[in-house]
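The next block holds one structure in the form of structure tokens; read it before the comments.
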Amino acid sequence: MADATIAAKHHLSARVEHFTESVIREMTRQAMLHGAVNLAQGFPDFAAPAEIKRAAQEAVAADINQYAITWGAKNLRSAIARQMKSWQGIAVDPETDVTVCCGSTEAMISTLMAVCNAGDEVVIFEPFYENYGPDAILSGAKPIFVKLHPPITPDGEWTFDERELRSAFRPHTKAIILNTPNNPTGKVFSRQELELIRDLCVEFNVVAITDEIYEHIIYDGTQHISIASLPGMADRTVTINGMSKTYSVTGWRVGWAVAPANITNAIRKVHDFLTVGAPAPLQEAGAAALSLPSSYYDKLASGYRERRDRLIPALSEAGFRCFRPRGAYYVMTDISGFGFENDVAFVQYLVKGVGVAAVPGSSFYHNPRDGAQQVRFAFCKKNETLEEAGKRLKELRR
């Protein structure tokens, strides 16, 4: 009997049996393989600000090459606290409320592991950034999905059903993940929507975990609001952010989680045992980045708006139905006009036959059928990159 039990032992964790590889990262590999223009993965193909690169170089030259304090270099934590007060009016104690992590991705899994127990439930809006579902499962929780419905018109808003959201909050609900501005849709949650979420969090004693990595990339007069700034949310919100998108340094892996002291204490413990700490010299560069003038952020948003308004006409001309984003740097599109069976077959044709890489919409949904006629494009690229993509996309009309 013992021998049979040993022989039947499974070497893999049940948690990861149903995980797939990151579809987004796989499409970057496909782009490289086929020489395609990469509009799949959300990283810029242009230079980071010179001031930030110089600050990193100076930190290395000054021998800031050993471990920083586990939960983050004091300079960076102080800069994060200062800027959250300036940008959102949120009071933060850098000594007790901030944990610097290896990117916002680690901040998210550290937070979920710090707050969730087996049997807990985590509410996630879908389409969702592909890490959120697996992160919830890795933390022992069950993800509960709430639909964001596409706009009826190209300039409309992605919306959710209030009744569906309310029904997702139950006795075992521990947290809700909120990504605003949203990847992949570009939705920026309104104050009214955030107040509804706030009311449910208070009623059901739920933690809001909010990913605000695109907070400075907003368009058309849209306002980014941190839910932690709303009355009743300061003690139950974890605000996650980082350097990657705002400063065009996705490979530096410096992010952070800001939370009340009791939750931060738990996040710091998980973070310590997961990664020990984020890169020390790059944390010093992060402090310099957060000291850039307001004109930097204005230019950032206007530059991405111009790229958005360059790509969308090219996509529309090629036959895509585009949903205009209000924030972040992605365009979700409807591909039903092309007659492909599903999004996976379409993006494979696109990368191999047309020379443009995109992300199949199904990768952003719990049920792949829900995204089978959607595809996401990233426009965080040089103008010449977007122009080349537009030329190649014209092949779809032939």
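Lettering and numbering for the structure tokens are positional, with chains as A, B, ... in the shown order, residues counted from 1 in each chain, and ligands counted from 1 in the shown order.
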Which residues of segment 229-348 of chain A have any atom within 7 Å of an atom in segment 183-189 of chain A when counting only C-alpha atoms, and what is the closest pair of atoms for each, with the distance in Å to one decimal? Order the rows by chain and rising number and write it as CSV.
residue,atom,partner,partner_atom,distance
A:Pro325,CA,A:Gly186,CA,4.2
A:Arg326,CA,A:Gly186,CA,5.4
A:Gly327,CA,A:Gly186,CA,4.7
A:Ala328,CA,A:Gly186,CA,5.4
A:Tyr330,CA,A:Pro184,CA,6.1
A:Val331,CA,A:Thr185,CA,6.7
A:Met332,CA,A:Thr185,CA,5.7
Can those selected residues be exported to a file as a CSV table (one decimal), in the first residue's frame so that it contains N, CA and C atoms?
chain,number,residue,atom,x,y,z
A,325,PRO,N,-9.7,54.0,-25.6
A,325,PRO,CA,-9.4,54.0,-24.1
A,325,PRO,C,-9.4,55.4,-23.5
A,326,ARG,N,-9.7,55.5,-22.3
A,326,ARG,CA,-9.6,56.8,-21.5
A,326,ARG,C,-8.4,56.9,-20.7
A,327,GLY,N,-7.7,55.7,-20.6
A,327,GLY,CA,-6.4,55.7,-19.9
A,327,GLY,C,-5.6,54.5,-20.3
A,328,ALA,N,-4.4,54.3,-19.7
A,328,ALA,CA,-3.4,53.3,-20.0
A,328,ALA,C,-3.0,53.4,-21.5
A,330,TYR,N,-3.4,50.9,-24.1
A,330,TYR,CA,-3.9,49.8,-24.9
A,330,TYR,C,-5.2,50.1,-25.6
A,331,VAL,N,-5.4,49.4,-26.7
A,331,VAL,CA,-6.7,49.5,-27.4
A,331,VAL,C,-7.3,48.1,-27.5
A,332,MET,N,-8.5,47.9,-27.0
A,332,MET,CA,-9.2,46.7,-27.2
A,332,MET,C,-10.0,46.9,-28.5
**Message:** Residues near Gly337 of chain A, anyone? I mean within 10 Å using only C-alpha atoms, not counting same-chain ones fewer than 6 positions away, as a PyMOL selection string.
**Reply:** chain A and resi 319-321+373
Just the selected residues (N, CA, C and O atoms), exported as an mmCIF file, in the first residue's frame, please.
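Below you can see part-v4.cif, which holds the result:
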data_model
loop_
_atom_site.group_PDB
_atom_site.id
_atom_site.type_symbol
_atom_site.label_atom_id
_atom_site.label_comp_id
_atom_site.auth_asym_id
_atom_site.auth_seq_id
_atom_site.Cartn_x
_atom_site.Cartn_y
_atom_site.Cartn_z
ATOM 1 N N GLY A 319 -10.091 47.518 -40.549
ATOM 2 C CA GLY A 319 -11.292 46.722 -40.348
ATOM 3 C C GLY A 319 -11.611 46.360 -38.915
ATOM 4 O O GLY A 319 -12.584 45.640 -38.646
ATOM 5 N N PHE A 320 -10.835 46.856 -37.950
ATOM 6 C CA PHE A 320 -11.115 46.596 -36.551
ATOM 7 C C PHE A 320 -12.184 47.567 -36.042
ATOM 8 O O PHE A 320 -12.234 48.725 -36.469
ATOM 9 N N ARG A 321 -13.003 47.096 -35.112
ATOM 10 C CA ARG A 321 -13.889 48.003 -34.366
ATOM 11 C C ARG A 321 -13.199 48.312 -33.054
ATOM 12 O O ARG A 321 -12.995 47.422 -32.227
ATOM 13 N N GLN A 373 -13.660 37.109 -29.747
ATOM 14 C CA GLN A 373 -13.706 38.034 -30.879
ATOM 15 C C GLN A 373 -13.112 39.392 -30.501
ATOM 16 O O GLN A 373 -13.496 40.425 -31.045
#
Hey, could you make a per-residue contact list for segment 139-171 of chain A against segment 207-228 of chain A with 12 Å as the cut-off, showing the nearest pair of atoms and its distance in Å to one decimal, counting only C-alpha atoms, sorted by chain and number, as JSON lines?
{"residue": "A:Asp155", "atom": "CA", "partner": "A:Asp220", "partner_atom": "CA", "distance": 10.9}
{"residue": "A:Glu157", "atom": "CA", "partner": "A:Thr222", "partner_atom": "CA", "distance": 11.8}
{"residue": "A:Phe169", "atom": "CA", "partner": "A:Val207", "partner_atom": "CA", "distance": 11.5}
**Message:** Give me, as a ChimeraX atom specification, the residues of segment 125-273 of chain A that a backbone DSSP run labels strand (DSSP E).
**Reply:** /A:125-126,142-147,173-179,207-211,237-242,255-258
List every residue of segment 52-249 of chain A that DSSP, applied to the backbone, labels as alpha helix (DSSP H), and write the result as a CSV table (one decimal) with N, CA and C atoms, in the first residue's frame.
chain,number,residue,atom,x,y,z
A,52,ILE,N,16.5,59.9,-15.0
A,52,ILE,CA,16.3,58.7,-14.2
A,52,ILE,C,17.5,57.7,-14.5
A,53,LYS,N,17.9,57.6,-15.7
A,53,LYS,CA,19.0,56.7,-16.1
A,53,LYS,C,20.3,57.3,-15.4
A,54,ARG,N,20.4,58.6,-15.4
A,54,ARG,CA,21.6,59.1,-14.8
A,54,ARG,C,21.6,58.9,-13.3
A,55,ALA,N,20.5,59.0,-12.6
A,55,ALA,CA,20.4,58.7,-11.2
A,55,ALA,C,20.7,57.3,-10.9
A,56,ALA,N,20.3,56.3,-11.7
A,56,ALA,CA,20.7,54.9,-11.5
A,56,ALA,C,22.2,54.7,-11.7
A,57,GLN,N,22.8,55.3,-12.7
A,57,GLN,CA,24.2,55.2,-12.9
A,57,GLN,C,25.0,55.8,-11.7
A,58,GLU,N,24.6,56.9,-11.2
A,58,GLU,CA,25.2,57.5,-10.1
A,58,GLU,C,25.1,56.7,-8.9
A,59,ALA,N,24.0,56.0,-8.7
A,59,ALA,CA,23.8,55.2,-7.5
A,59,ALA,C,24.7,53.9,-7.6
A,60,VAL,N,24.9,53.4,-8.8
A,60,VAL,CA,25.8,52.2,-8.9
A,60,VAL,C,27.2,52.7,-8.7
A,61,ALA,N,27.6,53.9,-9.2
A,61,ALA,CA,28.9,54.4,-9.1
A,61,ALA,C,29.2,54.7,-7.6
A,74,LYS,N,14.8,54.3,2.3
A,74,LYS,CA,14.1,55.4,2.9
A,74,LYS,C,13.8,56.5,1.9
A,75,ASN,N,14.7,56.9,1.1
A,75,ASN,CA,14.5,58.0,0.1
A,75,ASN,C,13.3,57.7,-0.8
A,76,LEU,N,13.2,56.5,-1.2
A,76,LEU,CA,12.1,56.1,-2.1
A,76,LEU,C,10.8,56.1,-1.4
A,77,ARG,N,10.7,55.5,-0.2
A,77,ARG,CA,9.5,55.5,0.6
A,77,ARG,C,9.0,56.9,0.9
A,78,SER,N,9.9,57.8,1.3
A,78,SER,CA,9.6,59.1,1.6
A,78,SER,C,9.0,59.8,0.3
A,79,ALA,N,9.6,59.6,-0.8
A,79,ALA,CA,9.1,60.1,-2.1
A,79,ALA,C,7.7,59.6,-2.4
A,80,ILE,N,7.5,58.3,-2.2
A,80,ILE,CA,6.2,57.8,-2.5
A,80,ILE,C,5.1,58.4,-1.6
A,81,ALA,N,5.4,58.6,-0.3
A,81,ALA,CA,4.5,59.2,0.6
A,81,ALA,C,4.2,60.7,0.2
A,82,ARG,N,5.3,61.4,-0.1
A,82,ARG,CA,5.1,62.8,-0.5
A,82,ARG,C,4.2,62.9,-1.8
A,83,GLN,N,4.4,62.1,-2.7
A,83,GLN,CA,3.7,62.2,-4.0
A,83,GLN,C,2.2,61.7,-3.8
A,84,MET,N,2.0,60.7,-3.0
A,84,MET,CA,0.6,60.3,-2.8
A,84,MET,C,-0.2,61.4,-2.1
A,85,LYS,N,0.4,62.2,-1.3
A,85,LYS,CA,-0.2,63.3,-0.6
A,85,LYS,C,-0.5,64.4,-1.7
A,86,SER,N,0.5,64.6,-2.5
A,86,SER,CA,0.4,65.7,-3.5
A,86,SER,C,-0.6,65.3,-4.6
A,87,TRP,N,-0.6,64.1,-5.1
A,87,TRP,CA,-1.4,63.7,-6.2
A,87,TRP,C,-2.9,63.4,-5.8
A,88,GLN,N,-3.0,62.7,-4.7
A,88,GLN,CA,-4.4,62.2,-4.3
A,88,GLN,C,-4.9,62.6,-3.0
A,103,GLY,N,8.7,45.2,-8.5
A,103,GLY,CA,7.6,45.5,-9.4
A,103,GLY,C,6.2,45.4,-8.8
A,104,SER,N,5.2,46.0,-9.5
A,104,SER,CA,3.9,46.0,-9.0
A,104,SER,C,3.3,44.6,-9.0
A,105,THR,N,3.9,43.7,-9.9
A,105,THR,CA,3.4,42.3,-10.0
A,105,THR,C,3.7,41.6,-8.6
A,106,GLU,N,4.9,41.8,-8.1
A,106,GLU,CA,5.2,41.2,-6.8
A,106,GLU,C,4.4,41.8,-5.7
A,107,ALA,N,4.2,43.1,-5.8
A,107,ALA,CA,3.3,43.8,-4.8
A,107,ALA,C,2.0,43.2,-4.7
A,108,MET,N,1.4,42.8,-5.9
A,108,MET,CA,0.1,42.2,-5.9
A,108,MET,C,0.0,40.9,-5.3
A,109,ILE,N,1.0,40.0,-5.6
A,109,ILE,CA,1.0,38.6,-5.0
A,109,ILE,C,1.3,38.7,-3.6
A,110,SER,N,2.2,39.6,-3.2
A,110,SER,CA,2.5,39.7,-1.8
A,110,SER,C,1.3,40.2,-1.0
A,111,THR,N,0.6,41.1,-1.5
A,111,THR,CA,-0.6,41.6,-0.9
A,111,THR,C,-1.7,40.5,-0.7
A,112,LEU,N,-1.9,39.8,-1.8
A,112,LEU,CA,-3.0,38.7,-1.7
A,112,LEU,C,-2.6,37.6,-0.8
A,113,MET,N,-1.3,37.3,-0.7
A,113,MET,CA,-0.9,36.2,0.2
A,113,MET,C,-0.9,36.8,1.6
A,114,ALA,N,-0.8,38.1,1.8
A,114,ALA,CA,-0.8,38.6,3.1
A,114,ALA,C,-2.2,38.7,3.7
A,115,VAL,N,-3.3,38.8,2.8
A,115,VAL,CA,-4.6,39.1,3.3
A,115,VAL,C,-5.5,37.9,3.2
A,132,TYR,N,-4.0,38.4,-12.4
A,132,TYR,CA,-4.8,38.5,-11.2
A,132,TYR,C,-5.5,37.2,-10.8
A,133,GLY,N,-6.0,36.5,-11.8
A,133,GLY,CA,-6.7,35.2,-11.4
A,133,GLY,C,-5.7,34.2,-10.8
A,134,PRO,N,-4.6,33.9,-11.5
A,134,PRO,CA,-3.6,33.0,-10.9
A,134,PRO,C,-3.1,33.5,-9.5
A,135,ASP,N,-2.9,34.9,-9.4
A,135,ASP,CA,-2.4,35.4,-8.1
A,135,ASP,C,-3.4,35.0,-7.0
A,136,ALA,N,-4.7,35.2,-7.2
A,136,ALA,CA,-5.7,34.8,-6.2
A,136,ALA,C,-5.6,33.4,-5.9
A,137,ILE,N,-5.5,32.5,-6.9
A,137,ILE,CA,-5.4,31.1,-6.6
A,137,ILE,C,-4.2,30.7,-5.8
A,138,LEU,N,-3.0,31.3,-6.2
A,138,LEU,CA,-1.8,31.1,-5.5
A,138,LEU,C,-1.9,31.5,-4.0
A,162,GLU,N,-24.5,46.8,-11.8
A,162,GLU,CA,-24.4,47.0,-10.3
A,162,GLU,C,-25.0,45.8,-9.6
A,163,ARG,N,-26.0,45.1,-10.1
A,163,ARG,CA,-26.6,44.0,-9.5
A,163,ARG,C,-25.6,42.8,-9.5
A,164,GLU,N,-24.9,42.6,-10.7
A,164,GLU,CA,-23.9,41.6,-10.8
A,164,GLU,C,-22.8,41.8,-9.8
A,165,LEU,N,-22.3,43.0,-9.7
A,165,LEU,CA,-21.2,43.3,-8.7
A,165,LEU,C,-21.7,43.0,-7.3
A,166,ARG,N,-22.9,43.5,-6.9
A,166,ARG,CA,-23.4,43.3,-5.6
A,166,ARG,C,-23.5,41.8,-5.3
A,167,SER,N,-24.0,41.0,-6.2
A,167,SER,CA,-24.1,39.5,-6.0
A,167,SER,C,-22.8,38.8,-5.8
A,168,ALA,N,-21.7,39.5,-6.3
A,168,ALA,CA,-20.3,38.9,-6.2
A,168,ALA,C,-19.8,39.1,-4.7
A,191,ARG,N,-15.9,58.4,-10.2
A,191,ARG,CA,-16.1,58.6,-8.7
A,191,ARG,C,-17.4,57.8,-8.3
A,192,GLN,N,-18.4,57.9,-9.1
A,192,GLN,CA,-19.7,57.2,-8.8
A,192,GLN,C,-19.5,55.7,-8.7
A,193,GLU,N,-18.7,55.2,-9.6
A,193,GLU,CA,-18.5,53.7,-9.6
A,193,GLU,C,-17.6,53.4,-8.4
A,194,LEU,N,-16.6,54.2,-8.1
A,194,LEU,CA,-15.8,53.9,-6.9
A,194,LEU,C,-16.5,54.0,-5.6
A,195,GLU,N,-17.5,54.9,-5.6
A,195,GLU,CA,-18.3,55.1,-4.3
A,195,GLU,C,-19.2,53.9,-4.1
A,196,LEU,N,-19.7,53.3,-5.2
A,196,LEU,CA,-20.5,52.1,-5.1
A,196,LEU,C,-19.6,50.9,-4.6
A,197,ILE,N,-18.4,50.8,-5.2
A,197,ILE,CA,-17.4,49.8,-4.7
A,197,ILE,C,-17.1,50.0,-3.3
A,198,ARG,N,-16.9,51.3,-2.9
A,198,ARG,CA,-16.6,51.6,-1.5
A,198,ARG,C,-17.7,51.1,-0.6
A,199,ASP,N,-18.9,51.4,-0.9
A,199,ASP,CA,-20.1,51.1,-0.1
A,199,ASP,C,-20.1,49.5,0.1
A,200,LEU,N,-19.9,48.8,-0.9
A,200,LEU,CA,-19.9,47.3,-0.8
A,200,LEU,C,-18.7,46.8,0.1
A,201,CYS,N,-17.6,47.4,-0.1
A,201,CYS,CA,-16.4,47.1,0.7
A,201,CYS,C,-16.7,47.3,2.2
A,202,VAL,N,-17.3,48.4,2.5
A,202,VAL,CA,-17.7,48.7,3.9
A,202,VAL,C,-18.7,47.8,4.4
A,203,GLU,N,-19.8,47.5,3.6
A,203,GLU,CA,-20.9,46.7,4.1
A,203,GLU,C,-20.4,45.2,4.3
A,204,PHE,N,-19.5,44.7,3.5
A,204,PHE,CA,-19.1,43.3,3.6
A,204,PHE,C,-17.7,43.2,4.2
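Each of A:Phe128, A:Trp252, A:His11, A:Lys174 was compared to Gly371 of chain A using only C-alpha atoms, and A:Phe128 turns out to be the nearest.
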**Request:** Write out as JSON, numbers by chain the residues lying within 10 Å of Gln66 of chain A, counting only C-alpha atoms and excluding same-chain residues fewer than 6 positions away.
**Result:** {"A": [60, 279, 280, 281]}
For Thr99 of chain A, work out the shell of residues within 6 Å, counting only C-alpha atoms and skipping chain neighbours fewer than 3 positions away, then give it as an mmCIF file with C-alpha atoms, in the first residue's frame.
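Output contents, as saved in part-v2.cif:
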data_model
loop_
_atom_site.group_PDB
_atom_site.id
_atom_site.type_symbol
_atom_site.label_atom_id
_atom_site.label_comp_id
_atom_site.auth_asym_id
_atom_site.auth_seq_id
_atom_site.Cartn_x
_atom_site.Cartn_y
_atom_site.Cartn_z
ATOM 1 C CA TRP A 71 10.702 47.066 2.714
ATOM 2 C CA TRP A 256 5.251 49.330 -4.158
ATOM 3 C CA ALA A 257 2.221 48.644 -2.008
#
**Request:** Give me the residues within 12 Å of Asp334 of chain A as number ranges by chain, counting only C-alpha atoms and dropping any in the same chain fewer than 3 places off.
**Result:** A: 150-154, 185, 315-316, 318-324, 331, 337-340, 342-343, 346, 360-362, 370-377
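Nearest-residue note for Asn262 of chain A: choosing from A:Thr237, A:Gln283, A:Thr250, A:Ser190, the minimum distance belongs to A:Thr237, counting only C-alpha atoms.
Each of A:Glu317, A:Tyr329, A:Glu341, A:Gly156 was checked against Arg397 of chain A using only C-alpha atoms; the smallest atom-to-atom distance is that of A:Glu317.
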**Message:** Please list as number ranges by chain every residue within 12 Å of Thr20 of chain A, counting only C-alpha atoms and excluding residues in the same chain fewer than 5 positions away.
**Reply:** A: 15, 25-26, 130-131, 133-134, 363
How would the residues just chosen look if you wrote them out with all heavy atoms as a short mmCIF file (atom, residue, chain, number, x, y, z; two decimals), in the first residue's frame?
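Once written, again_31.cif looks like this:
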data_model
loop_
_atom_site.label_atom_id
_atom_site.label_comp_id
_atom_site.auth_asym_id
_atom_site.auth_seq_id
_atom_site.Cartn_x
_atom_site.Cartn_y
_atom_site.Cartn_z
N ARG A 15 -2.30 23.75 -7.51
CA ARG A 15 -2.60 25.16 -7.78
C ARG A 15 -2.26 25.55 -9.21
O ARG A 15 -2.92 26.38 -9.82
CB ARG A 15 -1.80 26.05 -6.82
CG ARG A 15 -2.27 26.08 -5.39
CD ARG A 15 -1.56 27.20 -4.65
NE ARG A 15 -1.94 27.26 -3.25
CZ ARG A 15 -1.27 26.66 -2.27
NH1 ARG A 15 -0.21 25.94 -2.56
NH2 ARG A 15 -1.68 26.78 -1.03
N ARG A 25 3.46 37.50 -22.85
CA ARG A 25 4.89 37.30 -23.05
C ARG A 25 5.16 36.34 -24.21
O ARG A 25 6.13 36.49 -24.95
CB ARG A 25 5.53 36.79 -21.76
CG ARG A 25 6.09 37.87 -20.88
CD ARG A 25 5.06 38.53 -19.99
NE ARG A 25 4.75 37.77 -18.79
CZ ARG A 25 3.78 38.14 -17.92
NH1 ARG A 25 3.08 39.24 -18.11
NH2 ARG A 25 3.53 37.42 -16.85
N GLU A 26 4.28 35.37 -24.41
CA GLU A 26 4.42 34.45 -25.54
C GLU A 26 4.30 35.19 -26.87
O GLU A 26 5.02 34.90 -27.83
CB GLU A 26 3.38 33.34 -25.46
CG GLU A 26 3.29 32.45 -26.70
CD GLU A 26 4.60 31.75 -27.04
OE1 GLU A 26 5.46 31.56 -26.14
OE2 GLU A 26 4.77 31.38 -28.22
N GLU A 130 -3.79 39.47 -16.89
CA GLU A 130 -3.78 38.01 -16.79
C GLU A 130 -3.20 37.46 -15.49
O GLU A 130 -3.44 36.30 -15.16
CB GLU A 130 -3.03 37.41 -17.97
CG GLU A 130 -1.58 37.83 -18.07
CD GLU A 130 -0.85 37.19 -19.26
OE1 GLU A 130 -1.45 36.36 -19.96
OE2 GLU A 130 0.32 37.53 -19.46
N ASN A 131 -2.46 38.24 -14.72
CA ASN A 131 -1.88 37.74 -13.47
C ASN A 131 -2.90 37.63 -12.33
O ASN A 131 -2.68 36.87 -11.39
CB ASN A 131 -0.74 38.65 -13.01
CG ASN A 131 0.53 38.44 -13.79
OD1 ASN A 131 0.49 38.23 -15.00
ND2 ASN A 131 1.67 38.52 -13.13
N GLY A 133 -6.02 36.47 -11.77
CA GLY A 133 -6.66 35.20 -11.44
C GLY A 133 -5.70 34.21 -10.82
O GLY A 133 -5.96 33.68 -9.72
N PRO A 134 -4.56 33.93 -11.47
CA PRO A 134 -3.57 33.04 -10.87
C PRO A 134 -3.06 33.54 -9.51
O PRO A 134 -2.82 32.73 -8.61
CB PRO A 134 -2.44 33.01 -11.92
CG PRO A 134 -3.14 33.26 -13.21
CD PRO A 134 -4.22 34.24 -12.89
N SER A 363 -7.32 35.80 -23.46
CA SER A 363 -6.38 35.68 -22.34
C SER A 363 -6.74 36.58 -21.18
O SER A 363 -6.19 36.44 -20.09
CB SER A 363 -4.95 35.98 -22.82
OG SER A 363 -4.83 37.33 -23.22
#
Contacts between segment 288-295 of chain A and segment 163-260 of chain A, please, where a residue of segment 163-260 of chain A counts if it comes within 10 Å (with only C-alpha atoms); show its shortest atom pair and distance in Å to one decimal, rows by chain and ascending number, as a tab-separated table.
residue	atom	partner	partner_atom	distance
A:Met243	CA	A:Ala289	CA	8.2
A:Thr246	CA	A:Ala289	CA	9.3
A:Tyr247	CA	A:Ala289	CA	7.3
Could you dump the residues just selected with N, CA and C atoms as a compact mmCIF listing (two decimals), in the first residue's frame?
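Saved as out_8.txt:
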# COMPACT_ATOMS: atom_id res chain seq x y z
N MET A 243 7.21 52.01 -10.97
CA MET A 243 7.93 52.87 -11.91
C MET A 243 7.71 52.48 -13.37
N THR A 246 5.01 54.65 -15.86
CA THR A 246 5.14 56.11 -15.82
C THR A 246 6.50 56.57 -16.30
N TYR A 247 7.54 55.78 -16.03
CA TYR A 247 8.91 56.21 -16.34
C TYR A 247 9.58 55.35 -17.41
**Request:** Pick out the closest residue to Leu148 of chain A from this set: A:Pro127, A:Gly42, A:Gly242, A:Pro94. Count only C-alpha atoms.
**Result:** A:Pro127
